[in-house]
Each structure stands twice: as C-alpha cells, then as structure tokens.
$ cat protein17.csv   # CSV, C-alpha atoms
chain,number,residue,atom,x,y,z
X,1,MET,CA,-8.4,-4.6,55.6
X,2,ALA,CA,-9.7,-6.8,52.7
X,3,ARG,CA,-6.3,-7.4,51.3
X,4,LEU,CA,-4.5,-7.7,54.7
X,5,ASN,CA,-3.3,-11.3,54.0
X,6,THR,CA,-1.7,-10.1,50.8
X,7,TYR,CA,0.9,-8.4,52.9
X,8,LEU,CA,0.9,-10.4,56.1
X,9,ALA,CA,1.2,-13.9,54.6
X,10,PRO,CA,4.4,-13.1,52.6
X,11,LEU,CA,5.9,-11.4,55.6
X,12,SER,CA,5.1,-14.5,57.7
X,13,LEU,CA,6.8,-16.7,55.1
X,14,VAL,CA,9.9,-14.6,55.3
X,15,PHE,CA,10.2,-15.1,59.1
X,16,LEU,CA,9.3,-18.8,58.8
X,17,ALA,CA,11.9,-19.3,56.1
X,18,GLY,CA,14.5,-17.6,58.3
X,19,SER,CA,13.5,-19.9,61.2
X,20,LEU,CA,13.9,-22.9,59.0
X,21,VAL,CA,17.3,-21.9,57.7
X,22,MET,CA,18.7,-21.5,61.2
X,23,LEU,CA,17.1,-24.8,62.3
X,24,TRP,CA,18.8,-26.5,59.4
X,25,PHE,CA,22.2,-25.0,60.4
X,26,ILE,CA,21.8,-26.6,63.8
X,27,ILE,CA,20.8,-30.0,62.5
X,28,LEU,CA,23.5,-30.1,59.9
X,29,SER,CA,26.2,-28.8,62.3
X,30,ALA,CA,29.6,-30.6,61.8
X,31,VAL,CA,28.4,-32.2,58.6
X,32,THR,CA,31.1,-30.3,56.7
X,33,THR,CA,34.0,-28.1,57.6
X,34,THR,CA,32.5,-25.0,55.9
X,35,THR,CA,31.2,-22.0,57.8
X,36,PRO,CA,28.9,-21.8,59.7
X,37,LEU,CA,28.6,-25.6,60.1
X,38,ASN,CA,32.2,-25.9,61.4
X,39,LYS,CA,31.5,-23.3,64.1
X,40,THR,CA,28.1,-24.7,65.2
X,41,TYR,CA,28.2,-26.8,68.3
X,42,PHE,CA,26.4,-26.7,71.6
X,43,LEU,CA,29.3,-27.0,74.0
X,44,SER,CA,33.1,-27.1,73.8
X,45,ALA,CA,35.0,-28.5,76.8
X,46,ASP,CA,38.5,-29.5,77.9
X,47,THR,CA,38.3,-33.3,78.1
X,48,GLY,CA,42.1,-34.0,78.2
X,49,GLY,CA,43.1,-36.8,80.5
X,50,ILE,CA,39.6,-38.5,80.5
X,51,THR,CA,39.8,-42.1,79.3
X,52,GLY,CA,39.2,-42.4,75.6
X,53,ALA,CA,38.5,-38.6,75.1
X,54,ARG,CA,40.0,-36.0,72.9
X,55,SER,CA,41.9,-33.1,74.4
X,56,VAL,CA,39.0,-30.8,73.4
X,57,THR,CA,35.4,-32.1,72.7
X,58,GLN,CA,32.6,-30.3,70.9
X,59,TRP,CA,29.0,-31.6,71.0
X,60,ALA,CA,27.0,-31.0,67.8
X,61,TYR,CA,23.6,-32.3,66.8
X,62,PHE,CA,24.5,-35.6,65.1
X,63,TYR,CA,28.2,-35.7,66.0
X,64,ILE,CA,30.7,-35.5,68.9
X,65,CYS,CA,33.8,-33.9,67.5
X,66,GLY,CA,37.2,-32.5,68.2
X,67,GLU,CA,38.2,-28.8,68.1
X,68,GLY,CA,36.8,-27.1,65.0
X,69,ASN,CA,34.2,-29.8,64.5
X,70,THR,CA,36.9,-32.1,63.1
X,71,GLY,CA,37.6,-35.8,63.7
X,72,CYS,CA,34.0,-36.5,64.6
X,73,ASN,CA,32.5,-39.7,65.7
X,74,LYS,CA,30.1,-41.5,63.3
X,75,ALA,CA,26.8,-39.7,63.0
X,76,ALA,CA,24.1,-41.1,65.3
X,77,PRO,CA,20.6,-40.1,66.3
X,78,ALA,CA,20.6,-38.5,69.7
X,79,PRO,CA,24.1,-39.6,70.6
X,80,PRO,CA,24.7,-40.0,74.3
X,81,LEU,CA,26.7,-37.1,75.6
X,82,GLY,CA,29.1,-39.5,77.3
X,83,TRP,CA,30.2,-41.0,74.0
X,84,ALA,CA,32.9,-38.4,74.1
X,85,TRP,CA,34.9,-40.8,76.3
X,86,SER,CA,35.1,-44.5,77.1
X,87,GLY,CA,32.8,-46.5,79.3
X,88,ASN,CA,33.5,-46.1,83.1
X,89,PRO,CA,36.1,-43.5,82.3
X,90,ALA,CA,38.7,-42.2,84.7
X,91,ASN,CA,39.0,-38.4,85.5
X,92,ALA,CA,35.6,-37.6,84.0
X,93,PRO,CA,33.3,-35.4,86.1
X,94,SER,CA,31.2,-37.8,88.1
X,95,ALA,CA,28.0,-35.9,87.5
X,96,LEU,CA,28.2,-36.6,83.8
X,97,VAL,CA,29.0,-40.4,84.0
X,98,GLY,CA,26.4,-43.1,84.6
X,99,THR,CA,25.1,-46.4,83.5
X,100,HIS,CA,23.4,-45.2,80.2
X,101,GLY,CA,25.0,-45.1,76.8
X,102,GLY,CA,27.4,-47.9,77.5
X,103,ASN,CA,28.3,-46.7,81.0
X,104,THR,CA,29.2,-43.3,79.7
X,105,THR,CA,26.3,-41.0,80.6
X,106,SER,CA,24.2,-40.3,83.6
X,107,PHE,CA,20.4,-40.6,83.6
X,108,TYR,CA,19.7,-36.9,83.6
X,109,TYR,CA,22.0,-36.0,80.6
X,110,TYR,CA,21.0,-39.1,78.7
X,111,TYR,CA,17.3,-38.5,78.7
X,112,MET,CA,17.2,-34.7,78.7
X,113,TRP,CA,19.2,-34.5,75.6
X,114,ARG,CA,17.4,-37.4,74.0
X,115,PHE,CA,14.1,-35.7,74.3
X,116,GLY,CA,15.5,-32.3,73.3
X,117,TRP,CA,17.1,-33.9,70.2
X,118,VAL,CA,13.7,-35.4,69.1
X,119,PHE,CA,11.8,-32.2,69.7
X,120,TYR,CA,14.1,-30.4,67.3
X,121,LEU,CA,13.1,-32.8,64.5
X,122,ILE,CA,9.4,-32.5,65.4
X,123,ALA,CA,9.6,-28.7,65.3
X,124,LEU,CA,11.3,-28.9,61.9
X,125,VAL,CA,8.6,-31.1,60.4
X,126,PHE,CA,5.8,-28.8,61.5
X,127,SER,CA,7.7,-25.7,60.5
X,128,VAL,CA,8.1,-27.1,57.0
X,129,LEU,CA,4.4,-27.9,57.0
X,130,ALA,CA,3.5,-24.4,58.1
X,131,PHE,CA,5.8,-22.9,55.4
X,132,PHE,CA,3.9,-24.7,52.6
X,133,CYS,CA,0.6,-23.9,54.1
X,134,GLY,CA,1.7,-20.3,54.3
X,135,PHE,CA,1.3,-19.9,50.6
X,136,ILE,CA,-2.4,-20.7,51.0
X,137,ALA,CA,-2.6,-17.9,53.5
X,138,CYS,CA,-2.1,-15.4,50.7
X,139,PHE,CA,-5.6,-16.2,49.5
X,140,GLY,CA,-7.7,-15.8,52.6
X,141,ARG,CA,-8.6,-16.5,56.2
X,142,LEU,CA,-8.8,-20.3,55.9
X,143,GLY,CA,-5.2,-20.5,54.7
X,144,SER,CA,-4.0,-18.3,57.5
X,145,ALA,CA,-5.8,-20.5,60.0
X,146,ILE,CA,-4.2,-23.7,58.7
X,147,ALA,CA,-0.7,-22.2,58.5
X,148,GLY,CA,-1.2,-20.6,61.9
X,149,PHE,CA,-2.2,-23.9,63.5
X,150,ALA,CA,0.8,-25.7,62.1
X,151,ALA,CA,3.1,-22.9,63.1
X,152,MET,CA,1.7,-23.0,66.7
X,153,ILE,CA,2.4,-26.7,66.9
X,154,ALA,CA,5.9,-26.1,65.6
X,155,LEU,CA,6.4,-23.3,68.1
X,156,PHE,CA,5.3,-25.6,71.0
X,157,PHE,CA,7.8,-28.3,70.2
X,158,HIS,CA,10.5,-25.7,69.3
X,159,THR,CA,10.1,-24.1,72.7
X,160,ILE,CA,10.6,-27.4,74.5
X,161,ALA,CA,13.6,-28.3,72.3
X,162,VAL,CA,15.5,-25.1,72.9
X,163,SER,CA,14.6,-25.1,76.6
X,164,LEU,CA,15.9,-28.6,77.1
X,165,MET,CA,19.0,-27.9,75.0
X,166,THR,CA,19.8,-24.8,77.1
X,167,ALA,CA,19.2,-26.6,80.4
X,168,VAL,CA,21.4,-29.6,79.4
X,169,PHE,CA,24.4,-27.7,78.0
X,170,VAL,CA,24.4,-24.8,80.5
X,171,ARG,CA,24.4,-27.3,83.3
X,172,MET,CA,27.0,-29.5,81.6
X,173,ARG,CA,29.3,-26.4,81.2
X,174,ASN,CA,28.9,-25.6,84.9
X,175,VAL,CA,29.9,-29.2,85.8
X,176,PHE,CA,33.1,-28.9,83.7
X,177,LEU,CA,34.0,-25.5,85.2
X,178,ALA,CA,33.3,-26.8,88.7
X,179,ASN,CA,35.9,-29.6,88.0
X,180,GLY,CA,38.5,-27.1,87.0
X,181,ARG,CA,38.1,-27.6,83.2
X,182,ASN,CA,37.6,-25.0,80.6
X,183,ALA,CA,34.2,-25.1,78.9
X,184,SER,CA,32.1,-22.7,76.8
X,185,LEU,CA,28.7,-22.7,75.2
X,186,GLY,CA,28.6,-22.7,71.4
X,187,ARG,CA,27.5,-19.1,70.4
X,188,TRP,CA,26.4,-20.1,66.9
X,189,ALA,CA,24.3,-23.1,68.0
X,190,PHE,CA,22.6,-21.1,70.8
X,191,GLY,CA,22.2,-18.1,68.5
X,192,PHE,CA,20.6,-20.2,65.8
X,193,SER,CA,18.4,-22.0,68.2
X,194,TRP,CA,16.9,-19.0,69.9
X,195,GLY,CA,16.9,-16.9,66.7
X,196,SER,CA,15.0,-19.6,65.0
X,197,TRP,CA,12.5,-19.7,67.9
X,198,ALA,CA,12.0,-15.9,67.8
X,199,ALA,CA,11.4,-15.9,64.0
X,200,LEU,CA,8.9,-18.7,64.3
X,201,LEU,CA,7.1,-16.9,67.1
X,202,ILE,CA,6.8,-13.7,64.9
X,203,ALA,CA,5.6,-15.8,62.0
X,204,THR,CA,2.9,-17.4,64.2
X,205,VAL,CA,1.7,-14.1,65.5
X,206,LEU,CA,1.5,-12.7,61.9
X,207,PHE,CA,-0.6,-15.7,60.7
X,208,CYS,CA,-3.0,-15.2,63.6
X,209,ILE,CA,-3.3,-11.5,62.8
X,210,GLY,CA,-4.1,-12.5,59.3
X,211,ILE,CA,-7.0,-14.6,60.5
X,212,ARG,CA,-8.5,-11.8,62.5
X,213,GLY,CA,-7.8,-9.2,59.8
X,214,SER,CA,-9.7,-11.2,57.2
X,215,GLY,CA,-12.6,-11.8,59.6
X,216,ASP,CA,-12.9,-8.0,60.3
X,217,SER,CA,-12.9,-7.2,56.6
X,218,THR,CA,-15.6,-9.8,56.0
X,219,TYR,CA,-17.8,-8.5,58.8
X,220,GLY,CA,-17.3,-5.0,57.6
X,221,GLY,CA,-18.3,-6.0,54.2
X,222,GLY,CA,-21.4,-7.7,55.7
X,223,ARG,CA,-22.4,-4.5,57.5
X,224,ARG,CA,-22.0,-2.4,54.3
X,225,TRP,CA,-24.1,-5.0,52.4
X,226,GLY,CA,-26.7,-4.8,55.1
X,227,ARG,CA,-26.8,-1.1,54.9
X,228,ARG,CA,-27.2,-1.2,51.2
X,229,GLN,CA,-30.1,-3.8,51.5
X,230,ARG,CA,-31.9,-1.6,54.0
X,231,SER,CA,-31.4,1.4,51.7
X,232,VAL,CA,-32.9,-0.5,48.8
X,233,ARG,CA,-35.9,-1.6,50.9
X,234,SER,CA,-36.5,1.9,52.1
X,235,ARG,CA,-36.6,3.2,48.5
X,236,ARG,CA,-38.9,0.4,47.5
X,237,SER,CA,-41.2,1.1,50.4
X,238,TYR,CA,-41.2,4.8,49.6
X,239,ASP,CA,-42.0,4.1,45.9
X,240,MET,CA,-44.8,1.7,46.8
X,241,ASN,CA,-46.4,4.1,49.4
X,242,GLY,CA,-46.1,7.0,46.9
X,243,THR,CA,-47.8,5.0,44.2
X,244,ASN,CA,-50.6,3.8,46.5
X,245,GLY,CA,-51.2,7.3,47.6
X,246,ARG,CA,-51.5,8.5,44.0
X,247,ARG,CA,-53.9,5.7,43.3
X,248,VAL,CA,-56.2,6.6,46.2
X,249,LYS,CA,-56.3,10.3,45.1
X,250,ASP,CA,-57.2,9.3,41.6
X,251,ASP,CA,-60.1,7.1,42.9
X,252,TYR,CA,-61.5,9.9,45.0
X,253,ALA,CA,-61.2,12.3,42.1

$ encode --input "protein17.csv" --output "structure tokens"
Amino acid sequence: MARLNTYLAPLSLVFLAGSLVMLWFIILSAVTTTTPLNKTYFLSADTGGITGARSVTQWAYFYICGEGNTGCNKAAPAPPLGWAWSGNPANAPSALVGTHGGNTTSFYYYYMWRFGWVFYLIALVFSVLAFFCGFIACFGRLGSAIAGFAAMIALFFHTIAVSLMTAVFVRMRNVFLANGRNASLGRWAFGFSWGSWAALLIATVLFCIGIRGSGDSTYGGGRRWGRRQRSVRSRRSYDMNGTNGRRVKDDYA
C-alpha cells in the first residue's frame, strides 16, 4: 500500500485527460469542418419556413449553424437559442419564442442554456487545475487530496452543466416534434458530454482512494514502528534486569 499512489495517480490522470479532451471537443464544436467538430452539435431541427431561419439549424457551443455545422453565425458567448431566426418570427414554435435575445427566445430557454453554457467553462477550468495537481498526487497523500478536491469541484459544475444541457435540448427537441417538425439530438455532443462526466467521476474516485490508501500505509508503518520500539524496550528491560540480578548475586557472594 505504500506505493499505491504510484499506480492510482497516473490512472487518474488518464481518465482526467480523456474527460478534458471530450470537453474540448464540445467547446470547439463547429470551429472547423473537420471530424469530429463538424458532427458535434446539441440539436438539429427543421426550421424551414421560420422567418430568418435556415432550412435546417444546428446548435453548437459557440455557434448556431446550418446542416453539417456550416454557414454558422458569428461566434458568441452563450448565444440565445432563438438567434436561429429573426426577432418576433412567424411560424416558429411559440414555446421557444419570447422577449429575450432580441425578441427571439423565451425566458426558460434563454436562462437555462446561459447557465449551462457557463458551467461548462467553470468545469473546464477546475478540470485543468485538477489535471496539473494530479502530477503532485504521484508523490503522496497531500497531492492526492489537492487533486481530488479540485476534481470534486469540477465534477460538481460538470454535473450541473450536462444536466442543464440535457434538460434544455431534450425539451427543445420535443417542442419541435410537437409542432410537426423533424428534430434530433446531437449524438456526438451528448456522448462527449456524458462521457466526459463519467471519466471525471472515475478520476475523482481514484484520487480519493489514493488519499485513503496513503493514509492506511502510513498508519500501518506507524504500527510496525511502534512494535519495533516496544521490542527494543523489552530487550533493554531484560538486559537491565539481568545485569542487576547478577550484581546482587555478586554482592551476596
């Protein structure tokens, strides 16, 4: 158990690195037309006939694009989902349209996605911090504790992010379907999101095991040291008693 972190810390880093790669794929979706970024989007829906909208719209992290993540709008932080069409559009599902985002987006979709978008970034920051702290975990319990703490914070925000993302886009898909329009969730974005979350969860658990493992080995070493000390004391006591006994016999003789 003394060298448990030698094995657990690198394994934690592998899972954490995998989580970060998938998270970057989500954030950089639609940045280029290369795979997998051109296939990573949260929702694809038929928006033909809606004022100012494309025939097919795909919602990515920074962009709102056409089919194949092409012809995207200008990158923007937390873009309102209703930017796929004009303000006060005709033929758009009424549940999606509201007074936010230039009269394009309803209150629910505007704020739910805005918070989900931000939590993705916060999760990324703490995941990167946990990754670099993970190298310290190779050297002992303190490093595992620091990396585990950062990973737990990242996991907290990552959980909120993927939960809000799932709630928003599943509900949005259902609205399109209820209005007789084709819509489908982005398998790549959802797969990367939940895969990244699962890898981060495993990494966090491994860091925590590393803390406990190091502690057990330390306590075990302490117990062994204590036994050795008692053994030394016993031998010394025996030697002293034996010597004193011989001295008493010599005096009487």

$ atom_distance --input "protein17.csv" --atom1 "atom CA of Ala9 of chain X" --atom2 "atom CA of Ile160 of chain X"
25.8 Å

$ atom_distance --input "protein17.csv" --atom1 "atom CA of Phe190 of chain X" --atom2 "atom CA of Thr40 of chain X"
8.6 Å

$ closest_residue --input "protein17.csv" --among "X:Ala95, X:Leu37, X:Ile202, X:Val128" --to "Leu20 of chain X" --atoms "only C-alpha atoms"
X:Val128

$ residues_around --input "protein17.csv" --residues "Ser94 of chain X" --least-positions-apart "4" --cutoff "10 Å" --atoms "all atoms listed in the file" --output "VMD selection string"
chain X and resid 88 to 90 98 105 to 106 175 179

$ residues_around --input "protein17.csv" --residues "Ser184 of chain X" --least-positions-apart "6" --cutoff "9 Å" --atoms "all atoms listed in the file" --output "VMD selection string"
chain X and resid 42 to 45 170 173

$ write_last_selection --input "protein17.csv" --atoms "C-alpha atoms" --output "mmCIF file, keeping the file's coordinate frame"
data_model
loop_
_atom_site.group_PDB
_atom_site.id
_atom_site.type_symbol
_atom_site.label_atom_id
_atom_site.label_comp_id
_atom_site.auth_asym_id
_atom_site.auth_seq_id
_atom_site.Cartn_x
_atom_site.Cartn_y
_atom_site.Cartn_z
ATOM 1 C CA PHE X 42 26.400 -26.700 71.600
ATOM 2 C CA LEU X 43 29.300 -27.000 74.000
ATOM 3 C CA SER X 44 33.100 -27.100 73.800
ATOM 4 C CA ALA X 45 35.000 -28.500 76.800
ATOM 5 C CA VAL X 170 24.400 -24.800 80.500
ATOM 6 C CA ARG X 173 29.300 -26.400 81.200
#

$ atom_distance --input "protein17.csv" --atom1 "atom CA of Ser163 of chain X" --atom2 "atom CA of Cys65 of chain X"
23.0 Å

$ residues_near_point --input "protein17.csv" --point "(26.9, -40.5, 71.1)" --cutoff "12 Å" --atoms "all atoms listed in the file" --output "VMD selection string"
chain X and resid 58 to 65 72 to 87 100 to 105 109 to 110 113 to 114 117

$ residues_around --input "protein17.csv" --residues "Met152 of chain X" --least-positions-apart "4" --cutoff "8 Å" --atoms "all atoms listed in the file" --output "tab-separated table (two decimals) with C-alpha atoms, in the frame of the given file"
chain	number	residue	atom	x	y	z
X	148	GLY	CA	-1.20	-20.60	61.90
X	156	PHE	CA	5.30	-25.60	71.00
X	204	THR	CA	2.90	-17.40	64.20

$ closest_residue --input "protein17.csv" --among "X:Leu13, X:Met165, X:Leu28, X:Met172" --to "Phe119 of chain X" --atoms "only C-alpha atoms"
X:Met165

$ closest_residue --input "protein17.csv" --among "X:Ala53, X:Gly195, X:Leu201, X:Gly116" --to "Val21 of chain X" --atoms "only C-alpha atoms"
X:Gly195

$ closest_residue --input "protein17.csv" --among "X:Gly66, X:Thr51, X:Gly134, X:Ile26" --to "Val97 of chain X" --atoms "only C-alpha atoms"
X:Thr51

$ closest_residue --input "protein17.csv" --among "X:Phe115, X:Phe126, X:Trp188, X:Tyr108" --to "Leu16 of chain X" --atoms "all atoms listed in the file"
X:Phe126

$ residues_near_point --input "protein17.csv" --point "(-0.3, -13.1, 62.3)" --cutoff "12 Å" --atoms "only C-alpha atoms" --output "JSON, numbers by chain"
{"X": [4, 5, 6, 7, 8, 9, 10, 11, 12, 13, 15, 16, 134, 137, 138, 141, 143, 144, 145, 146, 147, 148, 149, 151, 152, 200, 201, 202, 203, 204, 205, 206, 207, 208, 209, 210, 211, 212, 213, 214]}

$ closest_residue --input "protein17.csv" --among "X:Gly191, X:Pro93, X:Gly18, X:Pro36" --to "Gly68 of chain X" --atoms "only C-alpha atoms"
X:Pro36

$ residues_around --input "protein17.csv" --residues "Thr47 of chain X" --least-positions-apart "4" --cutoff "8 Å" --atoms "all atoms listed in the file" --output "PDB file with C-alpha atoms, keeping the file's coordinate frame"
ATOM      1  CA  ALA X  53      38.500 -38.600  75.100  1.00  0.00           C
ATOM      2  CA  ARG X  54      40.000 -36.000  72.900  1.00  0.00           C
ATOM      3  CA  SER X  55      41.900 -33.100  74.400  1.00  0.00           C
ATOM      4  CA  VAL X  56      39.000 -30.800  73.400  1.00  0.00           C
ATOM      5  CA  THR X  57      35.400 -32.100  72.700  1.00  0.00           C
ATOM      6  CA  ALA X  92      35.600 -37.600  84.000  1.00  0.00           C
ATOM      7  CA  ARG X 181      38.100 -27.600  83.200  1.00  0.00           C
TER       8      ARG X 181
END

$ residues_around --input "protein17.csv" --residues "Thr33 of chain X" --least-positions-apart "6" --cutoff "9 Å" --atoms "only C-alpha atoms" --output "list in words"
Lys39, Gly68, Asn69 and Thr70 of chain X

$ write_last_selection --input "protein17.csv" --atoms "C-alpha atoms" --output "tab-separated table (two decimals), in the coordinates of the input"
chain	number	residue	atom	x	y	z
X	39	LYS	CA	31.50	-23.30	64.10
X	68	GLY	CA	36.80	-27.10	65.00
X	69	ASN	CA	34.20	-29.80	64.50
X	70	THR	CA	36.90	-32.10	63.10

$ decode --input "protein17.csv" --residues "segment 130-158 of chain X" --atoms "N, CA and C atoms" --output "mmCIF file, in the first residue's frame"
data_model
loop_
_atom_site.group_PDB
_atom_site.id
_atom_site.type_symbol
_atom_site.label_atom_id
_atom_site.label_comp_id
_atom_site.auth_asym_id
_atom_site.auth_seq_id
_atom_site.Cartn_x
_atom_site.Cartn_y
_atom_site.Cartn_z
ATOM 1 N N ALA X 130 -7.205 20.374 -11.747
ATOM 2 C CA ALA X 130 -7.070 19.030 -11.172
ATOM 3 C C ALA X 130 -6.043 18.207 -11.932
ATOM 4 N N PHE X 131 -5.976 18.398 -13.247
ATOM 5 C CA PHE X 131 -5.031 17.638 -14.063
ATOM 6 C C PHE X 131 -3.591 17.956 -13.664
ATOM 7 N N PHE X 132 -3.277 19.227 -13.512
ATOM 8 C CA PHE X 132 -1.908 19.595 -13.152
ATOM 9 C C PHE X 132 -1.589 19.224 -11.700
ATOM 10 N N CYS X 133 -2.598 19.329 -10.832
ATOM 11 C CA CYS X 133 -2.379 18.895 -9.448
ATOM 12 C C CYS X 133 -2.203 17.386 -9.369
ATOM 13 N N GLY X 134 -2.747 16.677 -10.361
ATOM 14 C CA GLY X 134 -2.638 15.226 -10.369
ATOM 15 C C GLY X 134 -1.206 14.732 -10.438
ATOM 16 N N PHE X 135 -0.306 15.526 -11.008
ATOM 17 C CA PHE X 135 1.097 15.121 -11.055
ATOM 18 C C PHE X 135 1.705 15.112 -9.651
ATOM 19 N N ILE X 136 1.223 16.018 -8.802
ATOM 20 C CA ILE X 136 1.701 16.042 -7.416
ATOM 21 C C ILE X 136 1.208 14.811 -6.670
ATOM 22 N N ALA X 137 0.047 14.288 -7.086
ATOM 23 C CA ALA X 137 -0.530 13.124 -6.399
ATOM 24 C C ALA X 137 0.360 11.897 -6.507
ATOM 25 N N CYS X 138 1.258 11.881 -7.470
ATOM 26 C CA CYS X 138 2.172 10.739 -7.621
ATOM 27 C C CYS X 138 3.139 10.635 -6.445
ATOM 28 N N PHE X 139 3.271 11.710 -5.660
ATOM 29 C CA PHE X 139 4.292 11.739 -4.614
ATOM 30 C C PHE X 139 3.730 11.573 -3.210
ATOM 31 N N GLY X 140 2.413 11.484 -3.074
ATOM 32 C CA GLY X 140 1.898 11.274 -1.726
ATOM 33 C C GLY X 140 0.461 11.687 -1.532
ATOM 34 N N ARG X 141 0.049 11.567 -0.277
ATOM 35 C CA ARG X 141 -1.345 11.786 0.086
ATOM 36 C C ARG X 141 -1.772 13.241 -0.083
ATOM 37 N N LEU X 142 -0.900 14.185 0.235
ATOM 38 C CA LEU X 142 -1.262 15.591 0.107
ATOM 39 C C LEU X 142 -1.592 15.950 -1.342
ATOM 40 N N GLY X 143 -0.790 15.475 -2.283
ATOM 41 C CA GLY X 143 -1.062 15.727 -3.694
ATOM 42 C C GLY X 143 -2.390 15.139 -4.130
ATOM 43 N N SER X 144 -2.702 13.934 -3.641
ATOM 44 C CA SER X 144 -3.985 13.308 -3.964
ATOM 45 C C SER X 144 -5.149 14.121 -3.409
ATOM 46 N N ALA X 145 -4.948 14.670 -2.211
ATOM 47 C CA ALA X 145 -6.003 15.475 -1.586
ATOM 48 C C ALA X 145 -6.277 16.743 -2.390
ATOM 49 N N ILE X 146 -5.206 17.415 -2.817
ATOM 50 C CA ILE X 146 -5.368 18.650 -3.592
ATOM 51 C C ILE X 146 -6.038 18.357 -4.933
ATOM 52 N N ALA X 147 -5.531 17.344 -5.633
ATOM 53 C CA ALA X 147 -6.109 16.990 -6.936
ATOM 54 C C ALA X 147 -7.537 16.511 -6.788
ATOM 55 N N GLY X 148 -7.798 15.714 -5.745
ATOM 56 C CA GLY X 148 -9.157 15.219 -5.521
ATOM 57 C C GLY X 148 -10.136 16.332 -5.227
ATOM 58 N N PHE X 149 -9.691 17.331 -4.462
ATOM 59 C CA PHE X 149 -10.565 18.469 -4.135
ATOM 60 C C PHE X 149 -10.920 19.260 -5.393
ATOM 61 N N ALA X 150 -9.894 19.540 -6.222
ATOM 62 C CA ALA X 150 -10.147 20.260 -7.477
ATOM 63 C C ALA X 150 -11.041 19.448 -8.406
ATOM 64 N N ALA X 151 -10.826 18.132 -8.448
ATOM 65 C CA ALA X 151 -11.650 17.271 -9.304
ATOM 66 C C ALA X 151 -13.099 17.234 -8.821
ATOM 67 N N MET X 152 -13.306 17.266 -7.514
ATOM 68 C CA MET X 152 -14.673 17.258 -6.976
ATOM 69 C C MET X 152 -15.413 18.544 -7.343
ATOM 70 N N ILE X 153 -14.714 19.673 -7.280
ATOM 71 C CA ILE X 153 -15.343 20.937 -7.689
ATOM 72 C C ILE X 153 -15.688 20.893 -9.173
ATOM 73 N N ALA X 154 -14.753 20.388 -9.987
ATOM 74 C CA ALA X 154 -15.010 20.265 -11.424
ATOM 75 C C ALA X 154 -16.205 19.352 -11.681
ATOM 76 N N LEU X 155 -16.271 18.249 -10.942
ATOM 77 C CA LEU X 155 -17.383 17.303 -11.117
ATOM 78 C C LEU X 155 -18.714 17.949 -10.750
ATOM 79 N N PHE X 156 -18.714 18.768 -9.710
ATOM 80 C CA PHE X 156 -19.942 19.457 -9.291
ATOM 81 C C PHE X 156 -20.486 20.339 -10.412
ATOM 82 N N PHE X 157 -19.617 21.180 -10.978
ATOM 83 C CA PHE X 157 -20.063 22.083 -12.040
ATOM 84 C C PHE X 157 -20.347 21.327 -13.337
ATOM 85 N N HIS X 158 -19.580 20.276 -13.585
ATOM 86 C CA HIS X 158 -19.810 19.475 -14.792
ATOM 87 C C HIS X 158 -21.181 18.802 -14.724
#
